[in-house]
Number of protein chains: 2
Amino acid sequence: MIFAAAEVAGVLTDLFVILLATKIGDEVFRRLGQPAIVGEILAGVIVGPSVLGLVHAGEAVEVFAELGVVFLLFWVGLETRITELAAVGRPAALVGLLGVVLPFGGGYGLGVALDESTATSIFIAAALVATSVGITSAVLVDLGLLGTRAGRTILGAAVVDDILAMILLAVAAGLAAEGGLDASSVLVVLALALTFVAFFALGGTAFMRRRPQILHVPRFSESPLLPAVILCLGLAALAAQIGLAAIIGAFLAGMMVAETKEQHPIEEEVAPLYAFFPPFFFGFIGIELDLGALADPGALALLGGVTALAIVTKLAGAWLGALSLGRGPAAFIAVGMVPRGEVGIIVAGIGRVANVIDDELFAVIVGMSVATTLLVPPVLRLLAPRAAASEESAASGGAPPHPHRR
Amino acid sequence: MIFAAAEVAGVLTDLFVILLATKIGDEVFRRLGQPAIVGEILAGVIVGPSVLGLVHAGEAVEVFAELGVVFLLFWVGLETRITELAAVGRPAALVGLLGVVLPFGGGYGLGVALDESTATSIFIAAALVATSVGITSAVLVDLGLLGTRAGRTILGAAVVDDILAMILLAVAAGLAAEGGLDASSVLVVLALALTFVAFFALGGTAFMRRRPQILHVPRFSESPLLPAVILCLGLAALAAQIGLAAIIGAFLAGMMVAETKEQHPIEEEVAPLYAFFPPFFFGFIGIELDLGALADPGALALLGGVTALAIVTKLAGAWLGALSLGRGPAAFIAVGMVPRGEVGIIVAGIGRVANVIDDELFAVIVGMSVATTLLVPPVLRLLAPRAAASEESAASGGAPPHPHRR
């Protein structure tokens, strides 16, 4: 039914409640000197089914959450120059890779220790792998450290580990579906992912650098906003179609558009979309958290164990990968890689549908994502001065925190 | 399932295709010297099930279409001062009222002539009643005539007839549900509607005039954007909850925020949302059009008859109501009231679910909406100079067309 009155009223009310609650959570946490996104996630917990039950995760809320993280990564891409990212390519790749291997091993070991099936163990492992590039970059934007060498390394590593997580997800999904593993389909996912990223990160940015006016066809649009947003949605959709996370496409689109920044007031125009959509993503993570399922001692113990494992393995892997940058930055980078979020929840969600992740395990994985996200920002803030001090390129400084989300 | 990969890819692709297609349709029609929204609607027809079948109207697309018309009316409210609207209150009320009575009578007569049931006849009549305030105001913004006296009269009259249409819809829904009519529930809808509109149009704007800083609480938000958008979503949701069209709430919220315009750069910040969302509304109307159901001669004849009836009755009623403003403006206003759209489609949609409107009749009503919308803009453009010439307050001029949608 189109535009059914009750449905429209329900969706508009959900969106209104989420936006109002996250904005209040944001403000309260700022006044307490705490990171805004923690306030937004907790606001989602409070209005969600766990506490007040004002909002449930329906399709519309999910779509807004997805666009929230898409526009978040588009914004992060806008703040990122491919040359600056390439400059940290080697440590970022190493941080990403080692930051995947250790959590994967730890998660798989935990599954085996819990006497779970191989498929379930691989799903647990895959869900522990991916740093939340959405949450981490929101924290970096908040702290004004996105532009630092350590910030770039975290960002690059998070993209690397998202790609590895997607490949592991393909493996896990293959295992869950067939009971067996199809090596060729894993290779196809890997080849597609690398081609997609290389094509747009290198070719796309080079093209935009040479033809920035493409976003400003005379009379096609007096503002470059819609062409830029169309590019963002297009690459996000394409990434999702080939089995990658949509946010990778959005990030690449942002980096492409960033090459035309001298020509266009593009950030000013994207800023309102960046202010409007991301709160739905953070609120949604809180809404997904099922406190009820975590209430019994067994689940709570499992949550504690999984969270500790997620923190320790990621810290160790990322720290080892970043050591070449010095101890100060390595500690900052390692902590910055700890938050899990959207990709872990996606993996767990797919496992739940495939019946290899039960409701308790799903709640534990979402709980681990929220816990790692809540713990990290204050620590990152403490470590920031030390990381910035040992920053060679401190002169270039971080992008100023944005007025909309600041 | 949360963030299911295939679902995310599908939704992002739909949004991408609609935004790209409407933007191309927009541009092609501008180059042809035709109104942009006609290009956007036809782009929706082309990518929709009628022609290419690239996009279907799923829940996500509908929600974006709804937010499209919500942000459209929020924008129109931002361009509207309550004092200016009150100045045309009397002719606007008369245009609205007479512009409802004649189409209603005509539609009911047609239903009876076609041997339809009383309930079906009332649904047809109610679907013919409401001028599309969304489409009409987009055309007025396009022509830069929203600020003229004739433009204000059309806008006020369209709001009046939306309210009357909602009351008729309550009557029709009552008839369809019970077979009988509950007079008290109709009175409740009427009283709620009038109270809601009067409370926010008068009290709300007076409050904002006196306390404009409410949108700019120190540290709550350095930008007034989110408080303004939260107000918009809140009033839209509230309007929908009490059985009014959500767009009425969005329009009232826009008028409230307009009272603080001197204090805030609010239009600049809302502009990107206004550029992003409304194309989904116009595209959606095209997607809903089912050319297949209109292919047989009987349906085509019915479409012709209903469209002619819709045009003639609205022209006559609105013209009579506007005569006190002079013949030039009256003709302009009468033509401006002809486009039907969202409310007619909502009424027909509810009738279809209640089994009093069949698929053919639904397609005819959507077709009539599209046909009236396509016919009007060129005529309005022809009549505009004449209406503007006889404009006493020509000095105040129209709001300049907005760069984003211009």
# chains A, B, ... in the order shown; residues from 1 in each chain; ligands from 1
>>> calpha_fit_and_write(fixed="chain B", moving="chain A", output="compact mmCIF listing (two decimals) with C-alpha atoms, in the first residue's frame")
# COMPACT_ATOMS: atom_id res chain seq x y z
CA MET A 1 17.60 -9.40 9.18
CA ILE A 2 19.80 -6.44 9.72
CA PHE A 3 21.78 -4.89 6.93
CA ALA A 4 21.31 -7.96 4.75
CA ALA A 5 23.87 -7.58 2.01
CA ALA A 6 21.49 -8.18 -0.90
CA GLU A 7 18.85 -5.90 0.57
CA VAL A 8 21.32 -3.08 1.16
CA ALA A 9 22.62 -3.43 -2.39
CA GLY A 10 19.07 -3.35 -3.73
CA VAL A 11 17.99 -0.28 -1.77
CA LEU A 12 21.16 1.67 -2.55
CA THR A 13 20.78 0.78 -6.23
CA ASP A 14 17.14 1.93 -6.26
CA LEU A 15 18.04 5.24 -4.64
CA PHE A 16 20.97 5.70 -7.01
CA VAL A 17 18.89 4.95 -10.11
CA ILE A 18 16.05 7.28 -9.05
CA LEU A 19 18.37 10.15 -8.18
CA LEU A 20 20.41 9.79 -11.39
CA ALA A 21 17.34 9.42 -13.63
CA THR A 22 15.45 12.34 -12.09
CA LYS A 23 18.54 14.53 -12.33
CA ILE A 24 18.89 13.68 -16.03
CA GLY A 25 15.15 14.21 -16.63
CA ASP A 26 15.39 17.52 -14.81
CA GLU A 27 18.30 18.68 -16.95
CA VAL A 28 16.83 17.52 -20.27
CA PHE A 29 13.57 19.33 -19.55
CA ARG A 30 15.36 22.52 -18.53
CA ARG A 31 17.30 22.48 -21.81
CA LEU A 32 13.99 22.08 -23.66
CA GLY A 33 12.68 25.07 -21.73
CA GLN A 34 10.20 22.85 -19.87
CA PRO A 35 9.55 22.55 -16.11
CA ALA A 36 12.06 20.41 -14.28
CA ILE A 37 9.53 18.46 -12.23
CA VAL A 38 7.85 17.19 -15.38
CA GLY A 39 11.23 15.76 -16.39
CA GLU A 40 11.62 14.20 -12.96
CA ILE A 41 8.19 12.55 -13.06
CA LEU A 42 8.77 11.21 -16.59
CA ALA A 43 12.18 9.91 -15.49
CA GLY A 44 10.30 7.97 -12.81
CA VAL A 45 7.93 6.57 -15.44
CA ILE A 46 10.90 5.44 -17.53
CA VAL A 47 12.90 3.71 -14.78
CA GLY A 48 9.71 2.37 -13.14
CA PRO A 49 7.75 -0.79 -13.90
CA SER A 50 5.89 0.85 -16.81
CA VAL A 51 8.96 1.01 -19.07
CA LEU A 52 12.39 -0.23 -17.99
CA GLY A 53 11.41 -1.87 -14.71
CA LEU A 54 14.72 -0.89 -13.05
CA VAL A 55 13.00 0.31 -9.87
CA HIS A 56 9.90 -0.82 -8.02
CA ALA A 57 8.13 0.98 -5.22
CA GLY A 58 9.40 -0.79 -2.11
CA GLU A 59 9.19 0.50 1.43
CA ALA A 60 12.52 2.32 1.30
CA VAL A 61 11.62 4.15 -1.91
CA GLU A 62 8.25 5.14 -0.42
CA VAL A 63 9.87 6.50 2.72
CA PHE A 64 12.27 8.58 0.63
CA ALA A 65 9.35 9.83 -1.47
CA GLU A 66 7.47 10.78 1.68
CA LEU A 67 10.49 12.61 3.09
CA GLY A 68 10.86 14.22 -0.33
CA VAL A 69 7.48 15.88 -0.11
CA VAL A 70 8.01 16.60 3.61
CA PHE A 71 11.25 18.50 2.92
CA LEU A 72 9.65 20.16 -0.12
CA LEU A 73 6.86 21.59 2.04
CA PHE A 74 9.29 22.41 4.83
CA TRP A 75 11.21 24.49 2.28
CA VAL A 76 8.00 26.14 1.05
CA GLY A 77 7.14 26.95 4.68
CA LEU A 78 10.59 28.49 5.12
CA GLU A 79 9.76 30.80 2.21
CA THR A 80 6.40 31.76 3.72
CA ARG A 81 5.65 34.33 6.39
CA ILE A 82 2.44 33.82 8.31
CA THR A 83 1.64 37.54 7.95
CA GLU A 84 1.84 37.27 4.15
CA LEU A 85 -0.31 34.15 4.18
CA ALA A 86 -2.86 35.78 6.48
CA ALA A 87 -3.06 38.72 4.05
CA VAL A 88 -4.55 36.38 1.43
CA GLY A 89 -6.55 34.39 3.96
CA ARG A 90 -10.01 35.26 2.68
CA PRO A 91 -9.50 34.63 -1.06
CA ALA A 92 -7.37 31.57 -0.27
CA ALA A 93 -10.11 30.08 1.87
CA LEU A 94 -12.68 30.79 -0.82
CA VAL A 95 -10.48 29.31 -3.58
CA GLY A 96 -9.81 26.27 -1.42
CA LEU A 97 -13.45 25.74 -0.54
CA LEU A 98 -15.00 26.26 -4.01
CA GLY A 99 -12.06 24.34 -5.53
CA VAL A 100 -13.14 21.40 -3.38
CA VAL A 101 -16.91 21.57 -3.75
CA LEU A 102 -17.03 21.41 -7.54
CA PRO A 103 -14.53 18.54 -8.07
CA PHE A 104 -16.20 16.62 -5.25
CA GLY A 105 -19.61 17.03 -6.83
CA GLY A 106 -18.21 16.15 -10.25
CA GLY A 107 -16.39 13.06 -8.95
CA TYR A 108 -19.38 11.83 -7.02
CA GLY A 109 -21.62 12.36 -10.04
CA LEU A 110 -19.17 10.42 -12.20
CA GLY A 111 -19.17 7.52 -9.75
CA VAL A 112 -22.97 7.41 -9.76
CA ALA A 113 -23.05 7.67 -13.56
CA LEU A 114 -20.62 4.71 -13.75
CA ASP A 115 -22.96 2.74 -11.50
CA GLU A 116 -20.39 2.47 -8.73
CA SER A 117 -21.32 1.99 -5.04
CA THR A 118 -21.72 5.02 -2.79
CA ALA A 119 -18.40 4.25 -1.06
CA THR A 120 -16.55 3.98 -4.37
CA SER A 121 -18.17 7.19 -5.63
CA ILE A 122 -17.10 9.07 -2.51
CA PHE A 123 -13.55 7.74 -2.87
CA ILE A 124 -13.40 8.91 -6.49
CA ALA A 125 -14.76 12.29 -5.41
CA ALA A 126 -12.27 12.61 -2.53
CA ALA A 127 -9.37 11.67 -4.80
CA LEU A 128 -10.33 14.50 -7.21
CA VAL A 129 -10.45 17.12 -4.51
CA ALA A 130 -6.96 17.95 -3.37
CA THR A 131 -4.58 20.18 -5.30
CA SER A 132 -1.02 18.89 -4.99
CA VAL A 133 0.55 21.49 -2.77
CA GLY A 134 3.88 19.71 -3.38
CA ILE A 135 3.76 19.94 -7.16
CA THR A 136 2.18 23.37 -7.28
CA SER A 137 4.70 24.88 -4.93
CA ALA A 138 7.62 23.27 -6.76
CA VAL A 139 6.36 24.93 -9.95
CA LEU A 140 5.94 28.26 -8.16
CA VAL A 141 9.47 28.04 -6.72
CA ASP A 142 10.72 27.19 -10.22
CA LEU A 143 8.99 30.24 -11.73
CA GLY A 144 10.09 32.46 -8.85
CA LEU A 145 6.43 33.28 -8.11
CA LEU A 146 6.05 31.79 -4.64
CA GLY A 147 6.32 35.25 -3.09
CA THR A 148 3.62 36.90 -5.20
CA ARG A 149 0.09 37.49 -4.00
CA ALA A 150 -1.24 34.95 -6.49
CA GLY A 151 1.40 32.44 -5.38
CA ARG A 152 0.49 32.90 -1.73
CA THR A 153 -3.20 32.50 -2.53
CA ILE A 154 -2.53 29.21 -4.34
CA LEU A 155 -0.43 27.99 -1.44
CA GLY A 156 -2.99 28.95 1.20
CA ALA A 157 -5.83 27.46 -0.85
CA ALA A 158 -3.88 24.24 -1.38
CA VAL A 159 -3.40 23.89 2.37
CA VAL A 160 -7.12 24.53 2.90
CA ASP A 161 -8.11 21.92 0.34
CA ASP A 162 -5.64 19.39 1.74
CA ILE A 163 -7.38 19.72 5.08
CA LEU A 164 -10.82 19.37 3.47
CA ALA A 165 -9.56 16.34 1.53
CA MET A 166 -8.38 14.71 4.75
CA ILE A 167 -11.82 15.22 6.26
CA LEU A 168 -13.47 13.73 3.16
CA LEU A 169 -11.02 10.86 3.39
CA ALA A 170 -12.14 10.24 6.97
CA VAL A 171 -15.73 10.18 5.71
CA ALA A 172 -14.86 7.85 2.84
CA ALA A 173 -12.83 5.52 5.06
CA GLY A 174 -15.71 5.40 7.55
CA LEU A 175 -18.11 4.51 4.76
CA ALA A 176 -15.80 1.84 3.36
CA ALA A 177 -15.20 0.26 6.76
CA GLU A 178 -18.64 0.22 8.28
CA GLY A 179 -20.98 0.79 5.40
CA GLY A 180 -22.26 3.63 7.56
CA LEU A 181 -21.04 7.07 8.43
CA ASP A 182 -19.91 8.16 11.90
CA ALA A 183 -20.59 11.89 12.13
CA SER A 184 -18.80 12.33 15.44
CA SER A 185 -15.49 10.93 14.10
CA VAL A 186 -15.70 13.36 11.17
CA LEU A 187 -16.20 16.22 13.61
CA VAL A 188 -13.23 15.01 15.64
CA VAL A 189 -10.99 15.00 12.54
CA LEU A 190 -12.22 18.48 11.63
CA ALA A 191 -11.67 19.86 15.14
CA LEU A 192 -8.23 18.26 15.43
CA ALA A 193 -7.18 19.59 12.02
CA LEU A 194 -8.28 23.14 12.74
CA THR A 195 -6.74 23.13 16.22
CA PHE A 196 -3.46 21.72 14.94
CA VAL A 197 -3.14 24.25 12.11
CA ALA A 198 -4.25 27.24 14.19
CA PHE A 199 -2.03 26.30 17.13
CA PHE A 200 1.20 26.05 15.13
CA ALA A 201 0.42 28.63 12.44
CA LEU A 202 -0.48 31.32 14.99
CA GLY A 203 0.97 30.28 18.36
CA GLY A 204 4.03 28.52 16.92
CA THR A 205 5.11 31.39 14.69
CA ALA A 206 4.45 33.96 17.45
CA PHE A 207 6.61 31.91 19.82
CA MET A 208 9.47 31.65 17.33
CA ARG A 209 9.26 35.34 16.54
CA ARG A 210 9.78 36.10 20.21
CA ARG A 211 12.35 33.40 20.97
CA PRO A 212 14.34 32.74 17.77
CA GLN A 213 17.34 31.62 19.83
CA ILE A 214 15.45 28.43 20.69
CA LEU A 215 16.96 26.90 17.54
CA HIS A 216 20.40 27.91 18.64
CA VAL A 217 20.77 26.80 22.25
CA PRO A 218 24.39 27.49 23.16
CA ARG A 219 26.40 24.31 22.76
CA PHE A 220 23.27 22.32 21.98
CA SER A 221 24.06 22.87 18.37
CA GLU A 222 26.26 25.42 16.72
CA SER A 223 24.07 25.10 13.68
CA PRO A 224 20.29 25.52 13.81
CA LEU A 225 19.90 22.79 11.16
CA LEU A 226 19.19 19.76 13.34
CA PRO A 227 16.83 21.57 15.74
CA ALA A 228 14.93 22.85 12.69
CA VAL A 229 14.85 19.41 11.05
CA ILE A 230 13.77 17.79 14.31
CA LEU A 231 10.90 20.30 14.51
CA CYS A 232 9.98 19.47 10.90
CA LEU A 233 9.95 15.70 11.48
CA GLY A 234 8.13 16.13 14.78
CA LEU A 235 5.27 18.19 13.38
CA ALA A 236 5.08 16.01 10.26
CA ALA A 237 4.82 12.91 12.47
CA LEU A 238 2.26 14.57 14.73
CA ALA A 239 0.13 15.65 11.76
CA ALA A 240 0.23 12.10 10.41
CA GLN A 241 -0.60 10.67 13.85
CA ILE A 242 -3.78 12.75 14.13
CA GLY A 243 -4.85 11.79 10.62
CA LEU A 244 -3.71 14.88 8.71
CA ALA A 245 -1.21 14.84 5.84
CA ALA A 246 2.37 14.86 7.15
CA ILE A 247 3.18 17.68 4.73
CA ILE A 248 0.85 20.05 6.61
CA GLY A 249 3.01 19.60 9.69
CA ALA A 250 6.20 20.09 7.66
CA PHE A 251 4.78 23.28 6.13
CA LEU A 252 3.83 24.67 9.56
CA ALA A 253 7.29 23.80 10.91
CA GLY A 254 8.84 25.66 7.96
CA MET A 255 6.69 28.72 8.68
CA MET A 256 7.73 28.63 12.34
CA VAL A 257 11.42 28.42 11.44
CA ALA A 258 10.94 31.20 8.86
CA GLU A 259 10.29 33.58 11.74
CA THR A 260 13.91 33.15 12.85
CA LYS A 261 15.46 33.68 9.40
CA GLU A 262 17.07 36.98 10.36
CA GLN A 263 18.99 35.20 13.09
CA HIS A 264 20.14 32.08 11.27
CA PRO A 265 21.53 31.07 7.89
CA ILE A 266 18.88 28.36 7.98
CA GLU A 267 17.95 28.29 4.30
CA GLU A 268 21.54 27.68 3.23
CA GLU A 269 21.72 24.69 5.53
CA VAL A 270 18.37 23.18 4.59
CA ALA A 271 19.07 23.66 0.87
CA PRO A 272 21.11 20.43 0.46
CA LEU A 273 18.32 18.39 2.06
CA TYR A 274 15.87 20.16 -0.24
CA ALA A 275 18.05 19.25 -3.21
CA PHE A 276 18.47 15.63 -2.12
CA PHE A 277 15.01 14.43 -1.06
CA PRO A 278 12.30 15.92 -3.34
CA PRO A 279 13.48 14.16 -6.53
CA PHE A 280 12.48 10.89 -4.85
CA PHE A 281 8.93 12.23 -4.48
CA PHE A 282 8.61 13.26 -8.13
CA GLY A 283 10.32 10.09 -9.33
CA PHE A 284 8.01 8.02 -7.14
CA ILE A 285 4.87 9.51 -8.72
CA GLY A 286 6.22 8.40 -12.10
CA ILE A 287 7.10 4.96 -10.73
CA GLU A 288 3.56 4.53 -9.40
CA LEU A 289 2.06 5.25 -12.83
CA ASP A 290 1.02 1.91 -14.35
CA LEU A 291 0.94 2.42 -18.11
CA GLY A 292 0.03 -1.24 -18.61
CA ALA A 293 -3.25 -0.90 -16.71
CA LEU A 294 -4.11 2.14 -18.85
CA ALA A 295 -3.45 0.38 -22.17
CA ASP A 296 -6.98 -0.76 -22.98
CA PRO A 297 -9.44 1.65 -24.68
CA GLY A 298 -11.93 1.58 -21.80
CA ALA A 299 -9.34 2.62 -19.23
CA LEU A 300 -7.98 5.25 -21.57
CA ALA A 301 -11.43 6.72 -22.10
CA LEU A 302 -12.04 6.74 -18.36
CA LEU A 303 -8.67 8.44 -17.84
CA GLY A 304 -9.59 11.11 -20.39
CA GLY A 305 -12.97 11.69 -18.78
CA VAL A 306 -11.66 11.82 -15.22
CA THR A 307 -8.81 14.14 -16.22
CA ALA A 308 -11.14 16.51 -18.08
CA LEU A 309 -13.53 16.50 -15.14
CA ALA A 310 -10.68 17.15 -12.70
CA ILE A 311 -9.45 20.09 -14.77
CA VAL A 312 -12.79 21.71 -15.53
CA THR A 313 -14.25 21.46 -12.03
CA LYS A 314 -11.11 22.74 -10.31
CA LEU A 315 -10.66 25.56 -12.82
CA ALA A 316 -14.25 26.69 -12.36
CA GLY A 317 -14.28 26.45 -8.56
CA ALA A 318 -10.91 28.11 -8.02
CA TRP A 319 -11.61 30.81 -10.61
CA LEU A 320 -14.87 31.75 -8.92
CA GLY A 321 -13.12 31.83 -5.55
CA ALA A 322 -10.31 34.05 -6.85
CA LEU A 323 -12.35 36.50 -8.91
CA SER A 324 -12.14 39.18 -6.22
CA LEU A 325 -8.41 39.45 -7.02
CA GLY A 326 -9.04 40.36 -10.67
CA ARG A 327 -9.34 38.31 -13.83
CA GLY A 328 -5.61 37.95 -14.57
CA PRO A 329 -4.66 36.60 -11.15
CA ALA A 330 -7.87 34.52 -11.00
CA ALA A 331 -6.93 32.68 -14.20
CA PHE A 332 -3.39 32.13 -12.93
CA ILE A 333 -4.63 30.89 -9.54
CA ALA A 334 -7.24 28.62 -11.12
CA VAL A 335 -4.64 26.97 -13.38
CA GLY A 336 -2.21 26.74 -10.47
CA MET A 337 -4.77 24.76 -8.47
CA VAL A 338 -5.27 22.10 -11.17
CA PRO A 339 -2.39 19.67 -10.44
CA ARG A 340 -3.42 16.76 -8.28
CA GLY A 341 -0.82 14.55 -6.72
CA GLU A 342 0.17 13.05 -3.41
CA VAL A 343 -3.15 13.43 -1.54
CA GLY A 344 -5.25 12.06 -4.43
CA ILE A 345 -2.89 9.10 -4.69
CA ILE A 346 -3.06 8.55 -0.92
CA VAL A 347 -6.87 8.57 -1.03
CA ALA A 348 -6.94 6.16 -3.97
CA GLY A 349 -4.35 3.93 -2.28
CA ILE A 350 -6.44 3.69 0.88
CA GLY A 351 -9.51 2.96 -1.24
CA ARG A 352 -7.61 0.20 -3.04
CA VAL A 353 -6.66 -1.47 0.24
CA ALA A 354 -10.28 -1.16 1.42
CA ASN A 355 -11.36 -2.88 -1.82
CA VAL A 356 -13.57 -0.01 -2.99
CA ILE A 357 -11.10 1.17 -5.65
CA ASP A 358 -9.99 -1.50 -8.12
CA ASP A 359 -6.61 -1.62 -9.89
CA GLU A 360 -7.91 0.03 -13.06
CA LEU A 361 -9.51 2.89 -11.15
CA PHE A 362 -6.33 3.31 -9.12
CA ALA A 363 -4.24 3.52 -12.30
CA VAL A 364 -6.72 6.05 -13.72
CA ILE A 365 -6.46 8.26 -10.63
CA VAL A 366 -2.64 8.13 -10.65
CA GLY A 367 -2.75 8.80 -14.41
CA MET A 368 -5.02 11.81 -13.82
CA SER A 369 -2.56 13.13 -11.21
CA VAL A 370 0.34 12.80 -13.63
CA ALA A 371 -1.65 14.27 -16.55
CA THR A 372 -2.83 17.34 -14.60
CA THR A 373 0.71 17.83 -13.33
CA LEU A 374 2.26 17.61 -16.80
CA LEU A 375 -0.27 19.96 -18.40
CA VAL A 376 -0.17 22.78 -15.89
CA PRO A 377 3.41 24.09 -15.67
CA PRO A 378 3.66 25.28 -19.31
CA VAL A 379 0.28 27.05 -19.06
CA LEU A 380 1.25 28.61 -15.74
CA ARG A 381 4.42 29.90 -17.33
CA LEU A 382 2.40 31.53 -20.12
CA LEU A 383 0.00 33.15 -17.66
CA ALA A 384 2.71 34.27 -15.23
CA PRO A 385 3.54 37.67 -16.82
CA ARG A 386 -0.12 38.68 -16.86
CA ALA A 387 -0.60 37.64 -13.24
CA ALA A 388 2.56 39.42 -12.16
CA ALA A 389 1.56 42.58 -14.05
CA SER A 390 -1.68 42.94 -12.15
CA GLU A 391 0.13 42.28 -8.94
CA GLU A 392 -0.16 45.21 -6.52
CA SER A 393 2.69 44.00 -4.40
CA ALA A 394 4.88 43.29 -7.42
CA ALA A 395 7.60 45.27 -5.67
CA SER A 396 8.03 42.57 -3.05
CA GLY A 397 8.62 40.14 -5.90
CA GLY A 398 8.95 36.39 -5.69
CA ALA A 399 11.63 34.52 -3.84
CA PRO A 400 14.50 33.94 -6.24
CA PRO A 401 14.50 30.44 -7.65
CA HIS A 402 16.83 28.31 -5.62
CA PRO A 403 20.22 27.47 -7.16
CA HIS A 404 19.95 23.83 -6.13
CA ARG A 405 16.74 23.08 -7.91
CA ARG A 406 17.11 25.72 -10.54
>>> select_by_dssp(residues="stretch 232-398 of chain B", states="alpha helix (DSSP H)", output="PyMOL selection string")
chain B and resi 232-241+246-258+266-276+278-288+297-322+327-336+342-353+359-389
